[in-house]
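See below for work.txt, which holds compact mmCIF, C-alpha atoms.
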```txt
# COMPACT_ATOMS: atom_id res chain seq x y z
CA MET A 1193 104.53 118.12 94.03
CA ALA A 1194 101.56 116.42 95.67
CA LEU A 1195 102.61 113.04 94.30
CA LEU A 1196 106.23 113.52 95.40
CA ALA A 1197 105.15 114.45 98.93
CA ALA A 1198 102.76 111.48 99.00
CA ALA A 1199 105.55 109.16 97.85
CA MET A 1200 107.83 110.32 100.67
CA ALA A 1201 105.11 109.92 103.29
CA ALA A 1202 104.21 106.50 101.88
CA GLY A 1203 107.85 105.40 102.11
CA TRP A 1204 107.94 106.28 105.81
CA VAL A 1205 104.65 104.53 106.59
CA ASP A 1206 105.54 101.48 104.50
CA ALA A 1207 108.89 101.03 106.23
CA VAL A 1208 107.30 101.11 109.68
CA VAL A 1209 104.01 99.21 109.30
CA GLY A 1210 103.00 99.07 105.64
CA GLY A 1211 99.95 100.72 104.09
CA GLY A 1212 101.74 103.40 102.08
CA GLY A 1213 99.61 102.60 99.06
CA LEU A 1214 96.60 104.13 100.77
CA ILE A 1215 98.48 107.42 100.76
CA VAL A 1216 99.69 107.38 97.16
CA LEU A 1217 96.73 105.85 95.32
CA PRO A 1218 94.10 108.42 96.42
CA VAL A 1219 96.49 111.26 95.47
CA PHE A 1220 96.93 109.69 92.04
CA LEU A 1221 93.17 109.65 91.58
CA LEU A 1222 92.93 113.32 92.58
CA VAL A 1223 95.77 114.80 90.52
CA ALA A 1224 95.75 112.39 87.56
CA PRO A 1225 92.18 111.18 87.09
CA THR A 1226 92.74 110.34 83.42
CA LEU A 1227 95.20 107.53 84.19
CA THR A 1228 93.93 103.95 83.97
CA PRO A 1229 93.95 101.76 87.10
CA GLN A 1230 96.74 99.71 85.53
CA GLN A 1231 98.90 102.82 84.98
CA VAL A 1232 98.31 104.00 88.54
CA LEU A 1233 99.16 100.61 90.04
CA GLY A 1234 102.15 100.08 87.74
CA THR A 1235 103.68 103.48 88.49
CA ASN A 1236 103.00 103.03 92.20
CA LYS A 1237 104.80 99.66 92.12
CA LEU A 1238 107.87 101.30 90.58
CA THR A 1239 107.79 103.89 93.35
CA ALA A 1240 107.29 101.31 96.08
CA ILE A 1241 110.03 98.93 94.96
CA ALA A 1242 112.65 101.64 95.45
CA GLY A 1243 111.57 102.47 98.98
CA THR A 1244 111.16 98.80 99.90
CA SER A 1245 114.70 98.06 98.70
CA ALA A 1246 116.05 100.87 100.87
CA ALA A 1247 114.07 99.62 103.87
CA VAL A 1248 115.37 96.05 103.41
CA ALA A 1249 118.96 97.31 103.27
CA THR A 1250 118.46 99.38 106.44
CA PHE A 1251 116.76 96.62 108.43
CA ALA A 1252 119.28 93.98 107.30
CA ARG A 1253 122.12 95.88 109.00
CA LYS A 1254 120.43 95.60 112.41
CA VAL A 1255 117.97 92.70 112.33
CA PRO A 1256 119.13 89.07 111.86
CA MET A 1257 117.48 87.70 108.73
CA GLN A 1258 116.95 84.08 107.72
CA TRP A 1259 117.99 84.68 104.13
CA ARG A 1260 117.74 81.00 103.13
CA LEU A 1261 114.03 81.26 103.92
CA MET A 1262 113.26 84.87 103.09
CA ILE A 1263 114.82 84.96 99.59
CA PRO A 1264 112.72 82.04 98.28
CA ALA A 1265 109.68 83.62 99.98
CA GLY A 1266 110.37 86.90 98.19
CA LEU A 1267 110.65 85.07 94.86
CA LEU A 1268 107.36 83.26 95.54
CA ALA A 1269 105.72 86.61 96.31
CA ALA A 1270 107.06 87.98 93.02
CA VAL A 1271 105.37 85.17 91.08
CA THR A 1272 102.03 85.41 92.87
CA SER A 1273 102.08 89.22 92.67
CA GLY A 1274 102.52 88.97 88.90
CA CYS A 1275 99.50 86.66 88.80
CA GLY A 1276 97.52 89.15 90.88
CA ALA A 1277 98.51 92.00 88.57
CA ALA A 1278 97.35 89.98 85.59
CA ALA A 1279 93.96 89.54 87.28
CA VAL A 1280 93.41 93.28 87.83
CA ALA A 1281 91.52 93.70 84.58
CA LEU A 1282 89.39 90.61 85.20
CA ILE A 1283 88.16 91.14 88.75
CA ASN A 1284 86.00 93.89 90.22
CA ARG A 1285 88.31 95.24 92.92
CA ASP A 1286 85.39 96.87 94.76
CA LEU A 1287 84.32 93.42 95.91
CA PHE A 1288 87.48 93.18 97.98
CA ILE A 1289 87.14 96.47 99.86
CA PRO A 1290 84.45 95.39 102.39
CA ILE A 1291 86.39 92.19 103.09
CA ILE A 1292 89.61 94.14 103.64
CA MET A 1293 87.80 96.53 105.98
CA VAL A 1294 86.51 93.65 108.11
CA VAL A 1295 90.00 92.14 108.29
CA LEU A 1296 91.54 95.48 109.25
CA ILE A 1297 88.96 96.09 111.97
CA GLY A 1298 89.70 92.64 113.31
CA VAL A 1299 93.43 93.45 113.30
CA ALA A 1300 92.85 96.70 115.22
CA VAL A 1301 90.69 94.99 117.84
CA PHE A 1302 93.15 92.11 118.23
CA VAL A 1303 96.21 94.35 118.63
CA THR A 1304 94.34 96.58 121.09
CA LEU A 1305 93.14 93.68 123.26
CA ARG A 1306 96.47 91.82 123.07
CA PRO A 1307 99.07 94.49 123.82
CA GLN A 1308 101.83 91.92 124.26
CA VAL A 1309 101.56 90.73 120.64
CA GLY A 1310 104.48 91.99 118.60
CA VAL A 1311 106.10 93.77 121.54
CA THR A 1312 107.88 90.74 122.99
CA MET A 1313 109.14 87.54 121.40
CA ALA A 1314 107.09 84.39 121.93
CA THR A 1315 108.10 82.39 125.03
CA HIS A 1316 107.87 79.18 123.00
CA PRO A 1317 109.48 79.79 119.59
CA PRO A 1318 107.65 78.14 116.68
CA THR A 1319 109.12 75.09 115.00
CA ARG A 1320 111.11 75.46 111.81
CA ARG A 1321 108.33 73.71 109.90
CA LYS A 1322 105.73 76.18 111.17
CA VAL A 1323 107.91 79.16 110.30
CA VAL A 1324 108.46 77.89 106.76
CA LEU A 1325 104.75 77.14 106.28
CA VAL A 1326 103.56 80.53 107.60
CA VAL A 1327 106.13 82.52 105.62
CA ALA A 1328 105.36 80.59 102.42
CA LEU A 1329 101.59 81.01 102.78
CA ALA A 1330 101.95 84.70 103.59
CA ALA A 1331 104.22 85.23 100.60
CA ALA A 1332 101.85 83.41 98.24
CA LEU A 1333 98.49 84.79 99.40
CA ILE A 1334 99.45 88.33 100.40
CA GLY A 1335 101.78 88.55 97.40
CA PHE A 1336 98.80 87.83 95.13
CA TYR A 1337 96.77 90.49 96.94
CA ASP A 1338 99.60 92.99 96.49
CA GLY A 1339 99.57 92.52 92.73
CA LEU A 1340 95.79 92.68 92.59
CA LEU A 1341 95.11 95.63 94.88
CA GLY A 1342 98.09 96.45 97.07
CA PRO A 1343 97.38 98.83 99.96
CA GLY A 1344 98.04 97.31 103.38
CA THR A 1345 100.28 94.49 102.12
CA GLY A 1346 103.05 95.23 104.61
CA THR A 1347 100.53 95.59 107.43
CA PHE A 1348 98.99 92.19 106.73
CA LEU A 1349 102.45 90.58 106.60
CA ILE A 1350 103.53 92.14 109.91
CA ILE A 1351 100.32 91.04 111.64
CA ALA A 1352 100.66 87.50 110.24
CA PHE A 1353 104.21 87.10 111.54
CA ALA A 1354 103.51 88.75 114.91
CA THR A 1355 100.34 86.81 115.68
CA VAL A 1356 101.05 83.39 114.20
CA LEU A 1357 104.80 83.16 114.78
CA GLY A 1358 105.02 85.38 117.88
CA THR A 1359 107.66 87.57 116.26
CA GLU A 1360 108.09 91.08 117.68
CA PHE A 1361 107.02 93.95 115.43
CA VAL A 1362 110.46 95.21 114.38
CA ARG A 1363 111.58 91.76 113.26
CA SER A 1364 108.17 91.22 111.62
CA ALA A 1365 108.57 94.50 109.73
CA ALA A 1366 112.02 93.45 108.48
CA MET A 1367 110.66 90.10 107.25
CA ALA A 1368 107.67 91.81 105.66
CA LYS A 1369 109.89 94.18 103.69
CA VAL A 1370 111.74 91.27 102.02
CA ILE A 1371 108.50 89.65 100.88
CA ASN A 1372 107.04 93.03 99.91
CA LEU A 1373 110.14 93.70 97.80
CA GLY A 1374 109.45 90.49 95.91
CA SER A 1375 105.77 91.27 95.42
CA ASN A 1376 106.57 94.79 94.22
CA PHE A 1377 109.09 93.39 91.74
CA GLY A 1378 106.57 90.91 90.34
CA GLY A 1379 104.01 93.67 89.90
CA VAL A 1380 106.49 96.00 88.20
CA VAL A 1381 107.57 93.29 85.75
CA TYR A 1382 103.98 92.60 84.70
CA PHE A 1383 102.87 96.22 84.44
CA ALA A 1384 106.07 97.20 82.59
CA ALA A 1385 105.59 94.35 80.12
CA THR A 1386 102.07 95.58 79.39
CA GLY A 1387 103.17 99.23 79.02
CA ASN A 1388 101.49 100.49 82.17
CA VAL A 1389 104.43 102.16 83.97
CA LEU A 1390 105.05 105.93 83.68
CA TRP A 1391 108.82 105.76 84.03
CA GLY A 1392 109.64 109.46 84.42
CA LEU A 1393 107.04 110.14 87.08
CA GLY A 1394 107.73 106.82 88.78
CA ALA A 1395 111.48 107.51 88.99
CA ALA A 1396 110.94 110.93 90.60
CA MET A 1397 108.49 109.46 93.10
CA ALA A 1398 110.88 106.58 93.78
CA CYS A 1399 113.60 108.99 94.95
CA CYS A 1400 111.19 110.55 97.43
CA ASN A 1401 109.97 107.13 98.51
CA ILE A 1402 113.54 106.05 99.31
CA ILE A 1403 114.04 109.06 101.57
CA GLY A 1404 110.86 108.30 103.49
CA ALA A 1405 111.68 104.58 103.72
CA VAL A 1406 115.17 105.16 105.15
CA PHE A 1407 113.82 107.54 107.82
CA GLY A 1408 110.95 105.19 108.64
CA SER A 1409 113.06 102.05 109.01
CA ARG A 1410 115.66 103.87 111.12
CA MET A 1411 112.92 105.24 113.37
CA ALA A 1412 111.38 101.79 113.78
CA LEU A 1413 114.78 100.36 114.75
CA SER A 1414 115.58 103.15 117.20
CA LYS A 1415 112.19 103.45 118.90
CA GLY A 1416 111.37 99.75 119.02
CA SER A 1417 108.26 97.60 118.85
CA GLY A 1418 106.12 99.77 121.13
CA PHE A 1419 106.40 102.64 118.67
CA VAL A 1420 105.65 100.34 115.73
CA ARG A 1421 102.56 99.03 117.54
CA ILE A 1422 101.17 102.55 118.01
CA VAL A 1423 101.83 103.50 114.39
CA LEU A 1424 100.28 100.20 113.29
CA LEU A 1425 97.03 100.97 115.11
CA VAL A 1426 96.90 104.52 113.72
CA VAL A 1427 97.51 103.31 110.16
CA VAL A 1428 94.96 100.49 110.44
CA VAL A 1429 92.26 102.89 111.68
CA ALA A 1430 93.17 105.33 108.89
CA MET A 1431 92.91 102.50 106.34
CA VAL A 1432 89.44 101.54 107.56
CA ILE A 1433 88.24 105.15 107.40
CA ARG A 1434 89.77 105.70 103.95
CA LEU A 1435 88.37 102.47 102.51
CA GLY A 1436 84.98 103.12 104.09
CA TRP A 1437 84.83 106.57 102.54
CA GLN A 1438 85.87 105.12 99.18
CA GLN A 1439 83.27 102.37 99.33
CA PHE A 1440 80.31 104.10 100.94
CA GLY A 1441 81.03 107.85 100.79
```
Just give me the structure of the file as structure tokens.
Amino acid sequence: MALLAAAMAAGWVDAVVGGGGLIVLPVFLLVAPTLTPQQVLGTNKLTAIAGTSAAVATFARKVPMQWRLMIPAGLLAAVTSGCGAAAVALINRDLFIPIIMVVLIGVAVFVTLRPQVGVTMATHPPTRRKVVLVVALAAALIGFYDGLLGPGTGTFLIIAFATVLGTEFVRSAAMAKVINLGSNFGGVVYFAATGNVLWGLGAAMACCNIIGAVFGSRMALSKGSGFVRIVLLVVVVAMVIRLGWQQFG
């Protein structure tokens, strides 16, 4: 029951600002400590891909999407996420935690000091070339991170689009979900191929994740970018505290 509740909560958080993995992964470690890191990540990817798909479908009904750009970006994220998943067994993931904490603290400070970021569209829209470059780089680099570690992927994508492209948070969240769907798919394919997905548990968690994702994406659409900004700050602070406790506690 704890994992099902965590999956539903993670679906809501992921749909709004990302970071649902920091809800599910610690619960996995508490209730199923005998699972390998690969099994935990693989099963979590199966859970997340369901909720992300539901969020993409919900956002796409209300938010204009540049599908000719976002679909290739999602496919690129799938490839780099698979590469990241393959590197899980080779790299000490603890080395990344302090770096992630510094980045998250920087995000929180930036969003706090620049309240207009992500709340309104940029007055000077970026060029098509810049949009393509930023989306491609975000898909490649953050997609790799998603396969390797995962938590906060959606948050990093939203911040990248809001700060670099000047996109408001709701539109940034919709774009992030497409890329995150691709990165989740790439991770699932790799972990499934290596026998590290618990299909029964993952399917049950996926159903709960979908429910949370639908509610979260609808709430983001109805309440707007100001609401997303507040949730973003809360989740970022929670991520820093959780990662700090994991690293130094």
Would you tabulate, counting only C-alpha atoms, all residues of segment 1328-1410 of chain A that have an atom at most 7 Å from an atom of segment 1201-1225 of chain A, showing the closest pair of atoms and their distance in Å to one decimal, sorted by chain then ascending number, as a tab-separated table?
```
residue	atom	partner	partner_atom	distance
A:Gly1342	CA	A:Gly1213	CA	6.6
A:Pro1343	CA	A:Gly1213	CA	4.5
A:Gly1344	CA	A:Gly1211	CA	4.0
A:Thr1345	CA	A:Gly1210	CA	6.4
A:Gly1346	CA	A:Gly1210	CA	4.0
A:Thr1347	CA	A:Gly1210	CA	4.6
A:Ala1365	CA	A:Val1209	CA	6.6
A:Asn1401	CA	A:Gly1203	CA	4.5
A:Ile1402	CA	A:Gly1203	CA	6.4
A:Gly1404	CA	A:Trp1204	CA	4.2
A:Ala1405	CA	A:Gly1203	CA	4.2
A:Phe1407	CA	A:Trp1204	CA	6.3
A:Gly1408	CA	A:Trp1204	CA	4.3
A:Ser1409	CA	A:Ala1207	CA	5.1
```
Atomic distance atom CA of Thr1304 of chain A - atom CA of Arg1363 of chain A, expressed in Å with one decimal: 19.5 Å
Give me the residues near Ser1364 of chain A as a ChimeraX atom specification, where near means some atom within 9 Å (using all atoms listed in the file) and where sequence neighbours in that chain fewer than 6 positions away do not count. /A:1310,1349-1354
Using Å and a single decimal, report how far atom CA of Val1232 of chain A sits from atom CA of Asn1388 of chain A. 7.9 Å
Between A:Leu1329, A:Ala1366, A:Ile1241, A:Val1248, which has the minimum distance to Ala1398 of chain A (counting only C-alpha atoms)?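 Checking each of A:Leu1329, A:Ala1366, A:Ile1241, A:Val1248 against Ala1398 of chain A, counting only C-alpha atoms, the winner is A:Ile1241.
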If you measure from atom CA of Leu1196 of chain A to atom CA of Val1280 of chain A, what distance in Å do you get, rounded to one decimal?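 These atoms are spaced 25.1 Å apart.
Closest approach to Val1326 of chain A from the set A:Val1426, A:Ala1265, A:Ala1384, A:Val1271 is made by A:Ala1265, with distances taken over all atoms listed in the file.
For the residues A:Lys1322, A:Thr1250, A:Thr1228, A:Gln1258, ranking by smallest atom-to-atom distance to Ala1412 of chain A using only C-alpha atoms places A:Thr1250 first.
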Dump as a PyMOL selection string all residues having an atom at most 12 Å from (101.0, 85.6, 85.2), computed in the file's coordinates with all atoms listed in the file. chain A and resi 1270-1280+1336+1339-1340+1378-1379+1381-1383+1385-1386
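Between Met1257 of chain A and the residues A:Ala1240, A:Ala1368, A:Ala1328, A:Ala1281, the shortest atom-to-atom distance, using only C-alpha atoms, involves A:Ala1368.
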